[in-house]
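Participant: Sharing entry_27.pdb here; it has PDB, C-alpha atoms and all ligand atoms.
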MODEL        1
ATOM      1  CA  MET A   1     113.732  75.232 104.053
ATOM      2  CA  ALA A   2     111.789  77.165 101.457
ATOM      3  CA  LYS A   3     112.719  76.986  97.795
ATOM      4  CA  ILE A   4     112.883  80.515  96.441
ATOM      5  CA  PHE A   5     112.267  81.374  92.793
ATOM      6  CA  CYS A   6     112.276  84.602  90.834
ATOM      7  CA  VAL A   7     109.844  85.022  87.986
ATOM      8  CA  ALA A   8     111.926  87.268  85.776
ATOM      9  CA  ASN A   9     112.185  88.685  82.275
ATOM     10  CA  GLN A  10     113.270  92.254  81.699
ATOM     11  CA  LYS A  11     110.529  92.698  79.132
ATOM     12  CA  GLY A  12     107.182  93.997  80.328
ATOM     13  CA  GLY A  13     103.879  92.343  79.510
ATOM     14  CA  VAL A  14     105.310  88.856  79.002
ATOM     15  CA  GLY A  15     103.296  87.150  81.735
ATOM     16  CA  LYS A  16     105.564  87.396  84.781
ATOM     17  CA  THR A  17     102.890  88.545  87.197
ATOM     18  CA  THR A  18     100.225  86.201  85.826
ATOM     19  CA  THR A  19     102.705  83.349  86.259
ATOM     20  CA  ALA A  20     103.779  84.354  89.772
ATOM     21  CA  VAL A  21     100.198  84.776  91.045
ATOM     22  CA  ASN A  22      98.823  81.621  89.442
ATOM     23  CA  LEU A  23     101.797  79.476  90.345
ATOM     24  CA  ALA A  24     101.364  80.667  93.943
ATOM     25  CA  ALA A  25      97.682  79.687  93.849
ATOM     26  CA  GLY A  26      98.442  76.394  92.092
ATOM     27  CA  LEU A  27     101.090  75.422  94.633
ATOM     28  CA  ALA A  28      98.720  76.362  97.464
ATOM     29  CA  GLN A  29      96.127  73.971  95.989
ATOM     30  CA  LEU A  30      98.797  71.298  96.076
ATOM     31  CA  ASN A  31      99.095  71.933  99.835
ATOM     32  CA  GLN A  32     102.339  73.864  99.609
ATOM     33  CA  ARG A  33     102.943  76.791 101.949
ATOM     34  CA  VAL A  34     103.635  79.758  99.689
ATOM     35  CA  LEU A  35     104.824  83.348 100.086
ATOM     36  CA  LEU A  36     104.338  85.512  96.991
ATOM     37  CA  VAL A  37     106.806  88.407  97.033
ATOM     38  CA  ASP A  38     105.799  91.446  94.983
ATOM     39  CA  LEU A  39     109.013  93.155  93.903
ATOM     40  CA  ASP A  40     107.404  95.433  91.311
ATOM     41  CA  PRO A  41     106.340  98.992  92.279
ATOM     42  CA  GLN A  42     103.321  98.527  89.995
ATOM     43  CA  GLY A  43     101.916  96.205  92.675
ATOM     44  CA  ASN A  44     100.128  94.029  90.111
ATOM     45  CA  ALA A  45     100.835  90.781  91.931
ATOM     46  CA  THR A  46      99.491  92.340  95.142
ATOM     47  CA  MET A  47      96.247  93.392  93.429
ATOM     48  CA  GLY A  48      95.987  90.113  91.515
ATOM     49  CA  ALA A  49      96.111  88.261  94.809
ATOM     50  CA  GLY A  50      93.151  90.324  96.021
ATOM     51  CA  ILE A  51      95.031  92.754  98.253
ATOM     52  CA  ASN A  52      94.392  96.478  97.957
ATOM     53  CA  LYS A  53      97.781  98.112  97.440
ATOM     54  CA  ALA A  54      96.356 101.485  98.492
ATOM     55  CA  GLU A  55      95.541 100.238 101.992
ATOM     56  CA  LEU A  56      98.741  98.586 103.112
ATOM     57  CA  GLN A  57      99.945  99.050 106.693
ATOM     58  CA  SER A  58     103.447  98.257 105.553
ATOM     59  CA  SER A  59     104.974  96.733 102.463
ATOM     60  CA  ILE A  60     108.116  95.323 100.929
ATOM     61  CA  TYR A  61     109.428  98.882 100.750
ATOM     62  CA  GLU A  62     109.708  99.103 104.551
ATOM     63  CA  VAL A  63     111.117  95.585 104.638
ATOM     64  CA  LEU A  64     113.938  96.413 102.211
ATOM     65  CA  LEU A  65     114.824  99.542 104.130
ATOM     66  CA  GLY A  66     114.817  97.737 107.474
ATOM     67  CA  MET A  67     111.775  99.575 108.869
ATOM     68  CA  ALA A  68     109.535  96.478 109.100
ATOM     69  CA  ASP A  69     110.020  92.724 109.024
ATOM     70  CA  VAL A  70     108.341  90.248 106.682
ATOM     71  CA  ALA A  71     106.137  88.839 109.454
ATOM     72  CA  THR A  72     104.643  92.306 110.003
ATOM     73  CA  ALA A  73     104.280  93.315 106.365
ATOM     74  CA  ARG A  74     102.850  90.112 104.902
ATOM     75  CA  VAL A  75      99.131  89.786 104.150
ATOM     76  CA  ARG A  76      97.020  86.694 103.498
ATOM     77  CA  SER A  77      95.396  86.169 100.108
ATOM     78  CA  GLU A  78      92.143  84.611 101.275
ATOM     79  CA  THR A  79      91.105  83.413  97.818
ATOM     80  CA  GLY A  80      94.555  82.223  96.814
ATOM     81  CA  LYS A  81      95.372  80.621 100.189
ATOM     82  CA  PHE A  82      98.907  81.972 100.211
ATOM     83  CA  ASP A  83     100.736  84.851 101.890
ATOM     84  CA  VAL A  84     101.808  87.993 100.055
ATOM     85  CA  LEU A  85     104.609  90.405 100.784
ATOM     86  CA  PRO A  86     102.859  93.322  99.083
ATOM     87  CA  ALA A  87     104.148  96.284  97.089
ATOM     88  CA  ASN A  88     102.936  99.646  95.906
ATOM     89  CA  ARG A  89     104.424 102.731  94.257
ATOM     90  CA  GLU A  90     106.535 103.558  97.300
ATOM     91  CA  LEU A  91     108.811 100.704  96.274
ATOM     92  CA  ALA A  92     110.136 102.751  93.367
ATOM     93  CA  GLY A  93     111.895 104.956  95.921
ATOM     94  CA  ALA A  94     113.707 102.002  97.481
ATOM     95  CA  GLU A  95     115.912 101.733  94.429
ATOM     96  CA  VAL A  96     117.534 105.081  95.222
ATOM     97  CA  GLU A  97     117.370 104.865  98.999
ATOM     98  CA  MET A  98     119.075 101.474  99.088
ATOM     99  CA  VAL A  99     122.163 102.832  97.356
ATOM    100  CA  GLU A 100     123.419 104.181 100.663
ATOM    101  CA  LEU A 101     122.863 100.982 102.599
ATOM    102  CA  ASP A 102     125.371  98.198 103.293
ATOM    103  CA  ASN A 103     124.877  94.916 101.530
ATOM    104  CA  ARG A 104     122.251  96.541  99.365
ATOM    105  CA  GLU A 105     121.787  93.676  96.936
ATOM    106  CA  LYS A 106     121.190  91.158  99.748
ATOM    107  CA  ARG A 107     118.517  92.986 101.710
ATOM    108  CA  LEU A 108     115.633  90.873 100.414
ATOM    109  CA  LYS A 109     117.572  87.656 101.004
ATOM    110  CA  ASP A 110     118.246  88.606 104.626
ATOM    111  CA  ALA A 111     114.630  89.622 105.213
ATOM    112  CA  LEU A 112     113.172  86.424 103.717
ATOM    113  CA  GLY A 113     115.617  84.301 105.711
ATOM    114  CA  VAL A 114     113.703  85.118 108.899
ATOM    115  CA  VAL A 115     110.497  83.373 107.720
ATOM    116  CA  ASP A 116     112.210  80.644 105.714
ATOM    117  CA  ALA A 117     110.962  77.774 107.891
ATOM    118  CA  GLU A 118     107.327  78.823 107.458
ATOM    119  CA  TYR A 119     107.147  78.159 103.713
ATOM    120  CA  ASP A 120     107.777  75.491 101.105
ATOM    121  CA  PHE A 121     107.973  78.035  98.280
ATOM    122  CA  MET A 122     108.652  81.735  97.931
ATOM    123  CA  LEU A 123     107.912  83.239  94.516
ATOM    124  CA  ILE A 124     109.315  86.640  93.648
ATOM    125  CA  ASP A 125     107.524  88.665  90.959
ATOM    126  CA  CYS A 126     110.280  90.839  89.457
ATOM    127  CA  PRO A 127     109.884  94.229  87.771
ATOM    128  CA  PRO A 128     110.543  94.545  84.017
ATOM    129  CA  ALA A 129     114.152  95.730  84.321
ATOM    130  CA  LEU A 130     117.520  94.424  85.372
ATOM    131  CA  SER A 131     117.525  96.893  88.268
ATOM    132  CA  MET A 132     118.654  96.903  91.906
ATOM    133  CA  LEU A 133     115.256  95.459  92.822
ATOM    134  CA  THR A 134     115.644  92.571  90.375
ATOM    135  CA  LEU A 135     119.199  92.085  91.638
ATOM    136  CA  ASN A 136     117.797  91.713  95.156
ATOM    137  CA  GLY A 137     115.415  89.069  93.822
ATOM    138  CA  LEU A 138     118.201  87.174  92.061
ATOM    139  CA  CYS A 139     120.414  87.283  95.159
ATOM    140  CA  ALA A 140     117.620  85.853  97.301
ATOM    141  CA  ALA A 141     116.636  83.011  94.959
ATOM    142  CA  HIS A 142     117.689  79.451  94.239
ATOM    143  CA  GLY A 143     116.492  79.733  90.698
ATOM    144  CA  VAL A 144     114.785  81.709  87.980
ATOM    145  CA  ILE A 145     111.603  80.934  86.066
ATOM    146  CA  ILE A 146     111.526  82.817  82.763
ATOM    147  CA  PRO A 147     108.114  83.266  81.140
ATOM    148  CA  MET A 148     108.278  83.801  77.382
ATOM    149  CA  GLN A 149     105.893  84.355  74.556
ATOM    150  CA  CYS A 150     106.654  82.276  71.501
ATOM    151  CA  GLU A 151     107.062  85.133  69.079
ATOM    152  CA  TYR A 152     109.775  86.419  66.832
ATOM    153  CA  TYR A 153     111.310  88.855  69.320
ATOM    154  CA  ALA A 154     111.063  86.550  72.318
ATOM    155  CA  LEU A 155     114.665  85.401  72.144
ATOM    156  CA  GLU A 156     115.941  88.923  71.771
ATOM    157  CA  GLY A 157     116.912  90.129  75.215
ATOM    158  CA  LEU A 158     117.004  86.631  76.625
ATOM    159  CA  SER A 159     120.806  86.684  76.396
ATOM    160  CA  ASP A 160     120.934  89.852  78.551
ATOM    161  CA  LEU A 161     118.938  88.090  81.217
ATOM    162  CA  VAL A 162     121.030  84.925  80.946
ATOM    163  CA  ASN A 163     124.249  86.980  81.228
ATOM    164  CA  THR A 164     122.939  88.815  84.283
ATOM    165  CA  ILE A 165     122.038  85.492  85.884
ATOM    166  CA  LYS A 166     125.560  84.186  85.125
ATOM    167  CA  LYS A 167     127.165  87.261  86.678
ATOM    168  CA  VAL A 168     125.026  87.048  89.794
ATOM    169  CA  HIS A 169     125.870  83.350  90.024
ATOM    170  CA  ALA A 170     129.587  84.079  89.777
ATOM    171  CA  LYS A 171     129.787  87.060  92.108
ATOM    172  CA  LEU A 172     126.856  87.125  94.491
ATOM    173  CA  ASN A 173     124.802  83.919  94.659
ATOM    174  CA  THR A 174     126.336  80.571  93.716
ATOM    175  CA  ASP A 175     122.971  78.846  94.312
ATOM    176  CA  LEU A 176     121.328  80.654  91.425
ATOM    177  CA  LYS A 177     120.349  78.724  88.325
ATOM    178  CA  ILE A 178     117.820  78.902  85.545
ATOM    179  CA  ILE A 179     115.064  76.500  86.528
ATOM    180  CA  GLY A 180     113.303  76.788  83.237
ATOM    181  CA  LEU A 181     111.676  78.686  80.433
ATOM    182  CA  LEU A 182     107.892  78.735  80.531
ATOM    183  CA  ARG A 183     105.980  79.170  77.297
ATOM    184  CA  VAL A 184     103.039  81.480  78.024
ATOM    185  CA  MET A 185     100.155  83.074  76.093
ATOM    186  CA  PHE A 186     100.614  80.258  73.637
ATOM    187  CA  ASP A 187      98.446  80.153  70.546
ATOM    188  CA  PRO A 188      98.745  76.743  68.868
ATOM    189  CA  ARG A 189      96.990  78.001  65.723
ATOM    190  CA  MET A 190      99.943  80.228  64.902
ATOM    191  CA  THR A 191     102.641  78.547  62.876
ATOM    192  CA  LEU A 192     105.172  81.000  64.250
ATOM    193  CA  SER A 193     104.346  79.994  67.837
ATOM    194  CA  GLN A 194     104.972  76.372  66.951
ATOM    195  CA  GLN A 195     108.263  77.235  65.265
ATOM    196  CA  VAL A 196     109.601  79.382  68.100
ATOM    197  CA  SER A 197     108.447  76.767  70.585
ATOM    198  CA  SER A 198     110.413  73.980  68.897
ATOM    199  CA  GLN A 199     113.443  76.290  68.530
ATOM    200  CA  LEU A 200     113.328  76.826  72.278
ATOM    201  CA  GLU A 201     113.223  73.076  72.870
ATOM    202  CA  GLN A 202     116.182  72.499  70.549
ATOM    203  CA  HIS A 203     118.218  75.264  72.132
ATOM    204  CA  PHE A 204     117.415  74.818  75.792
ATOM    205  CA  GLY A 205     116.413  71.128  76.015
ATOM    206  CA  ASP A 206     114.980  70.141  79.383
ATOM    207  CA  LYS A 207     115.316  73.729  80.614
ATOM    208  CA  VAL A 208     111.998  74.270  78.816
ATOM    209  CA  PHE A 209     109.098  73.341  81.055
ATOM    210  CA  LYS A 210     106.791  70.658  79.673
ATOM    211  CA  THR A 211     103.711  72.631  80.634
ATOM    212  CA  ILE A 212     102.594  75.226  78.097
ATOM    213  CA  ILE A 213     100.315  78.056  79.231
ATOM    214  CA  PRO A 214      97.727  78.876  76.549
ATOM    215  CA  ARG A 215      96.423  82.319  75.778
ATOM    216  CA  ASN A 216      93.205  82.325  77.780
ATOM    217  CA  VAL A 217      90.957  85.295  78.398
ATOM    218  CA  ARG A 218      89.895  84.057  81.848
ATOM    219  CA  LEU A 219      93.493  84.538  83.070
ATOM    220  CA  ALA A 220      93.411  88.128  81.830
ATOM    221  CA  GLU A 221      90.003  88.833  83.409
ATOM    222  CA  ALA A 222      90.802  87.410  86.835
ATOM    223  CA  PRO A 223      92.928  90.315  88.191
ATOM    224  CA  SER A 224      90.070  92.790  87.865
ATOM    225  CA  TYR A 225      88.148  90.543  90.284
ATOM    226  CA  GLY A 226      91.163  90.464  92.639
ATOM    227  CA  MET A 227      91.525  86.733  92.171
ATOM    228  CA  PRO A 228      94.176  84.420  90.730
ATOM    229  CA  GLY A 229      92.894  82.867  87.483
ATOM    230  CA  ILE A 230      93.120  79.454  89.126
ATOM    231  CA  ASN A 231      90.481  80.433  91.682
ATOM    232  CA  PHE A 232      88.443  82.693  89.407
ATOM    233  CA  ASP A 233      87.606  79.980  86.881
ATOM    234  CA  PRO A 234      89.137  76.666  87.939
ATOM    235  CA  SER A 235      87.840  74.797  84.900
ATOM    236  CA  SER A 236      89.328  77.212  82.347
ATOM    237  CA  LYS A 237      92.208  76.043  80.181
ATOM    238  CA  GLY A 238      94.498  78.693  81.678
ATOM    239  CA  ALA A 239      93.741  77.623  85.250
ATOM    240  CA  GLN A 240      94.267  73.957  84.382
ATOM    241  CA  ALA A 241      97.601  74.759  82.753
ATOM    242  CA  TYR A 242      98.900  76.723  85.756
ATOM    243  CA  LEU A 243      97.805  73.931  88.083
ATOM    244  CA  ALA A 244      99.757  71.484  85.920
ATOM    245  CA  PHE A 245     102.717  73.856  86.056
ATOM    246  CA  GLY A 246     102.503  73.844  89.867
ATOM    247  CA  ALA A 247     102.687  70.042  89.822
ATOM    248  CA  GLU A 248     105.647  70.185  87.418
ATOM    249  CA  MET A 249     107.460  72.590  89.778
ATOM    250  CA  VAL A 250     106.853  70.319  92.783
ATOM    251  CA  GLU A 251     108.465  67.485  90.784
ATOM    252  CA  ARG A 252     111.258  69.644  89.400
ATOM    253  CA  ILE A 253     112.470  70.912  92.785
ATOM    254  CA  LYS A 254     113.164  67.350  93.856
ATOM    255  CA  THR A 255     116.040  67.310  91.379
ATOM    256  CA  ILE A 256     117.598  70.728  92.040
TER     257      ILE A 256
HETATM  258  P1  LIG B 301     104.257  91.137  83.135
HETATM  259  O1  LIG B 301     104.135  90.915  84.609
HETATM  260  O2  LIG B 301     105.409  90.389  82.536
HETATM  261  O3  LIG B 301     104.274  92.590  82.783
HETATM  262  P2  LIG B 301     101.493  90.238  82.982
HETATM  263  O4  LIG B 301     101.436  88.933  83.714
HETATM  264  O5  LIG B 301     101.012  91.439  83.713
HETATM  265  O6  LIG B 301     102.961  90.493  82.429
HETATM  266  O7  LIG B 301     100.710  90.032  81.619
HETATM  267  C1  LIG B 301     100.544  91.075  80.681
HETATM  268  C2  LIG B 301      99.117  91.080  80.180
HETATM  269  O8  LIG B 301      98.821  89.859  79.502
HETATM  270  C3  LIG B 301      98.098  91.207  81.286
HETATM  271  O9  LIG B 301      97.027  91.988  80.852
HETATM  272  C4  LIG B 301      97.647  89.767  81.532
HETATM  273  O10 LIG B 301      96.334  89.693  82.042
HETATM  274  C5  LIG B 301      97.735  89.186  80.140
HETATM  275  N1  LIG B 301      98.044  87.758  80.157
HETATM  276  C6  LIG B 301      99.083  87.144  80.782
HETATM  277  N2  LIG B 301      99.085  85.819  80.549
HETATM  278  C7  LIG B 301      97.997  85.561  79.760
HETATM  279  C8  LIG B 301      97.452  84.380  79.157
HETATM  280  N3  LIG B 301      98.021  83.173  79.319
HETATM  281  N4  LIG B 301      96.334  84.514  78.396
HETATM  282  C9  LIG B 301      95.770  85.736  78.203
HETATM  283  N5  LIG B 301      96.225  86.868  78.730
HETATM  284  C10 LIG B 301      97.338  86.801  79.503
HETATM  285 MG    MG B 302     104.252  92.322  86.172
ENDMDL
END
Take the structure in the file and write it out as structure tokens.
Ligand code: ADP
Ligand code: MG
Facilitator:
Amino acid sequence: MAKIFCVANQKGGVGKTTTAVNLAAGLAQLNQRVLLVDLDPQGNATMGAGINKAELQSSIYEVLLGMADVATARVRSETGKFDVLPANRELAGAEVEMVELDNREKRLKDALGVVDAEYDFMLIDCPPALSMLTLNGLCAAHGVIIPMQCEYYALEGLSDLVNTIKKVHAKLNTDLKIIGLLRVMFDPRMTLSQQVSSQLEQHFGDKVFKTIIPRNVRLAEAPSYGMPGINFDPSSKGAQAYLAFGAEMVERIKTI
């Protein structure tokens, strides 16, 4: 059975997509069978995995509306060595169109269930909102990975996400838990980063992943080459950190 994780944070630009794409590539290097699910109409995870979102035969949009199944819509990331359930702008319409459907918050869960046996991990890249799409991600998942920058405002908004996760846990998905907080874009030269980082450790204990992802320009450059950072420059500090994070996840799922 696949372990399914959302990469979520309702803030934009905090490193969700970079984390989802590079964790997918890192897990693939560790011989895990991975499906990366792009749940953001921006389609950044799709592009970052090297798939042209403008040339999709079908996408997660059709899957959510019951017009295609995952096996038809998925595409292989040849560089990343993982499968992608791709997204493009059409997905924005699903939000409205799903309102009329039965079981609307469980549509992704039901669709992923069909290919469950084919993967060790499914990683869902969520949009920057606590929307119906994100709700579908949370209902489908066993856990949530929350990427955070160690800056003054990082903790602001975290309680909204934590409350949403608690509500989903109580009402819709009793499996759901916070797997961990991942410190990303970390700059060790900044005193503030160090301070926020140790606050996080004090507050959340072992819910904070040991791996810290540094700010690294190679990770930011990789998407324009249609490659995960891990494959684009394997020796870079960012790639090394995401590979270490993949190994930490493989260990961590043994205990959840
Ligand atoms: P989100 O999906 O939360 O909106 P992204 O993963 O798209 O965030 O990241 C936002 C921006 O920051 C992107 O331009 C990305 O390339 C860059 N970025 C993400 N992580 C890093 C990092 N560790 N080092 C440098 N740049 C990063
Ligand atoms: Mg994103």
Participant: May I ask for the distance between CA of Gln195 (chain A) and CA of Glu151 (chain A), given in Å to one decimal place?
Facilitator: 8.9 Å
Participant: Work out how far apart CA of Pro228 (chain A) and CA of Ala247 (chain A) are and give it in Å to one decimal.
Facilitator: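 CA of Pro228 (chain A) sits 16.7 Å away from CA of Ala247 (chain A).
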Participant: Considering only C-alpha atoms, state which residue in the set A:Gly113, A:Gly13, A:Pro127, A:Pro147 is at the smallest distance from Ala220 (chain A).
Facilitator: A:Gly13
Participant: Return as a list in words the residues of protein, DNA or RNA that approach ligand MG 302 (chain B) to within 8 Å, with all atoms listed in the file taken into account.
Facilitator: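 Selection of residues at most 8 Å from ligand MG 302 (chain B): Gly12, Gly13, Gly15, Lys16, Thr17, Thr18, Asp40, Gln42, Gly43, Asn44, Ala45, Asp125, Cys126, Pro127 and Pro128 of chain A.
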Participant: Excluding Gly93 (chain A) and its own-chain neighbours fewer than 4 positions away, which residues fall within 10 Å of it when counting only C-alpha atoms? Please give them as a PyMOL selection string.
Facilitator: chain A and resi 41+61+89+97-98
Participant: Evaluating the PyMOL selection byres (((chain A and resi 110) around 12) and not hetatm) on the displayed file yields which residues, as a list in words?
Facilitator: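 Residues picked by the PyMOL selection byres (((chain A and resi 110) around 12) and not hetatm): Val63, Leu64, Leu65, Gly66, Asp69, Val70, Asn103, Arg104, Glu105, Lys106, Arg107, Leu108, Lys109, Ala111, Leu112, Gly113, Val114, Val115, Asp116, Asn136, Gly137, Cys139, Ala140 and Ala141 of chain A.
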Participant: Considering only C-alpha atoms, state which residue in the set A:Met148, A:Val217, A:Ile179, A:Ala222 is at the smallest distance from Val196 (chain A).
Facilitator: A:Met148
Participant: May I ask you to restore N, CA and C atoms in region 219-237 of chain A and write the result as a PDB file, keeping the file's coordinate frame?
Facilitator:
ATOM      1  N   LEU A 219      92.295  84.133  82.307  1.00  0.00           N
ATOM      2  CA  LEU A 219      93.493  84.538  83.070  1.00  0.00           C
ATOM      3  C   LEU A 219      93.634  86.055  83.073  1.00  0.00           C
ATOM      4  N   ALA A 220      93.285  86.672  81.946  1.00  0.00           N
ATOM      5  CA  ALA A 220      93.411  88.128  81.830  1.00  0.00           C
ATOM      6  C   ALA A 220      92.300  88.843  82.597  1.00  0.00           C
ATOM      7  N   GLU A 221      91.133  88.205  82.706  1.00  0.00           N
ATOM      8  CA  GLU A 221      90.003  88.833  83.409  1.00  0.00           C
ATOM      9  C   GLU A 221      90.143  88.760  84.925  1.00  0.00           C
ATOM     10  N   ALA A 222      90.767  87.696  85.392  1.00  0.00           N
ATOM     11  CA  ALA A 222      90.802  87.410  86.835  1.00  0.00           C
ATOM     12  C   ALA A 222      91.311  88.571  87.699  1.00  0.00           C
ATOM     13  N   PRO A 223      92.412  89.271  87.297  1.00  0.00           N
ATOM     14  CA  PRO A 223      92.928  90.315  88.191  1.00  0.00           C
ATOM     15  C   PRO A 223      91.910  91.413  88.508  1.00  0.00           C
ATOM     16  N   SER A 224      91.031  91.717  87.575  1.00  0.00           N
ATOM     17  CA  SER A 224      90.070  92.790  87.865  1.00  0.00           C
ATOM     18  C   SER A 224      89.043  92.343  88.915  1.00  0.00           C
ATOM     19  N   TYR A 225      88.991  91.043  89.196  1.00  0.00           N
ATOM     20  CA  TYR A 225      88.148  90.543  90.284  1.00  0.00           C
ATOM     21  C   TYR A 225      88.982  90.300  91.547  1.00  0.00           C
ATOM     22  N   GLY A 226      90.277  90.681  91.491  1.00  0.00           N
ATOM     23  CA  GLY A 226      91.163  90.464  92.639  1.00  0.00           C
ATOM     24  C   GLY A 226      91.348  89.000  92.973  1.00  0.00           C
ATOM     25  N   MET A 227      91.372  88.175  91.934  1.00  0.00           N
ATOM     26  CA  MET A 227      91.525  86.733  92.171  1.00  0.00           C
ATOM     27  C   MET A 227      92.551  86.146  91.203  1.00  0.00           C
ATOM     28  N   PRO A 228      93.350  85.179  91.685  1.00  0.00           N
ATOM     29  CA  PRO A 228      94.176  84.420  90.730  1.00  0.00           C
ATOM     30  C   PRO A 228      93.263  83.697  89.738  1.00  0.00           C
ATOM     31  N   GLY A 229      93.687  83.567  88.495  1.00  0.00           N
ATOM     32  CA  GLY A 229      92.894  82.867  87.483  1.00  0.00           C
ATOM     33  C   GLY A 229      92.494  81.466  87.913  1.00  0.00           C
ATOM     34  N   ILE A 230      93.378  80.817  88.637  1.00  0.00           N
ATOM     35  CA  ILE A 230      93.120  79.454  89.126  1.00  0.00           C
ATOM     36  C   ILE A 230      91.872  79.376  89.994  1.00  0.00           C
ATOM     37  N   ASN A 231      91.648  80.411  90.801  1.00  0.00           N
ATOM     38  CA  ASN A 231      90.481  80.433  91.682  1.00  0.00           C
ATOM     39  C   ASN A 231      89.271  81.052  91.013  1.00  0.00           C
ATOM     40  N   PHE A 232      89.521  81.967  90.083  1.00  0.00           N
ATOM     41  CA  PHE A 232      88.443  82.693  89.407  1.00  0.00           C
ATOM     42  C   PHE A 232      87.631  81.762  88.513  1.00  0.00           C
ATOM     43  N   ASP A 233      88.306  80.942  87.747  1.00  0.00           N
ATOM     44  CA  ASP A 233      87.606  79.980  86.881  1.00  0.00           C
ATOM     45  C   ASP A 233      88.441  78.699  86.789  1.00  0.00           C
ATOM     46  N   PRO A 234      88.282  77.850  87.819  1.00  0.00           N
ATOM     47  CA  PRO A 234      89.137  76.666  87.939  1.00  0.00           C
ATOM     48  C   PRO A 234      89.072  75.728  86.732  1.00  0.00           C
ATOM     49  N   SER A 235      87.949  75.755  86.008  1.00  0.00           N
ATOM     50  CA  SER A 235      87.840  74.797  84.900  1.00  0.00           C
ATOM     51  C   SER A 235      88.395  75.354  83.589  1.00  0.00           C
ATOM     52  N   SER A 236      88.811  76.629  83.596  1.00  0.00           N
ATOM     53  CA  SER A 236      89.328  77.212  82.347  1.00  0.00           C
ATOM     54  C   SER A 236      90.665  76.571  81.959  1.00  0.00           C
ATOM     55  N   LYS A 237      90.957  76.651  80.678  1.00  0.00           N
ATOM     56  CA  LYS A 237      92.208  76.043  80.181  1.00  0.00           C
ATOM     57  C   LYS A 237      93.433  76.677  80.833  1.00  0.00           C
TER      58      LYS A 237
END
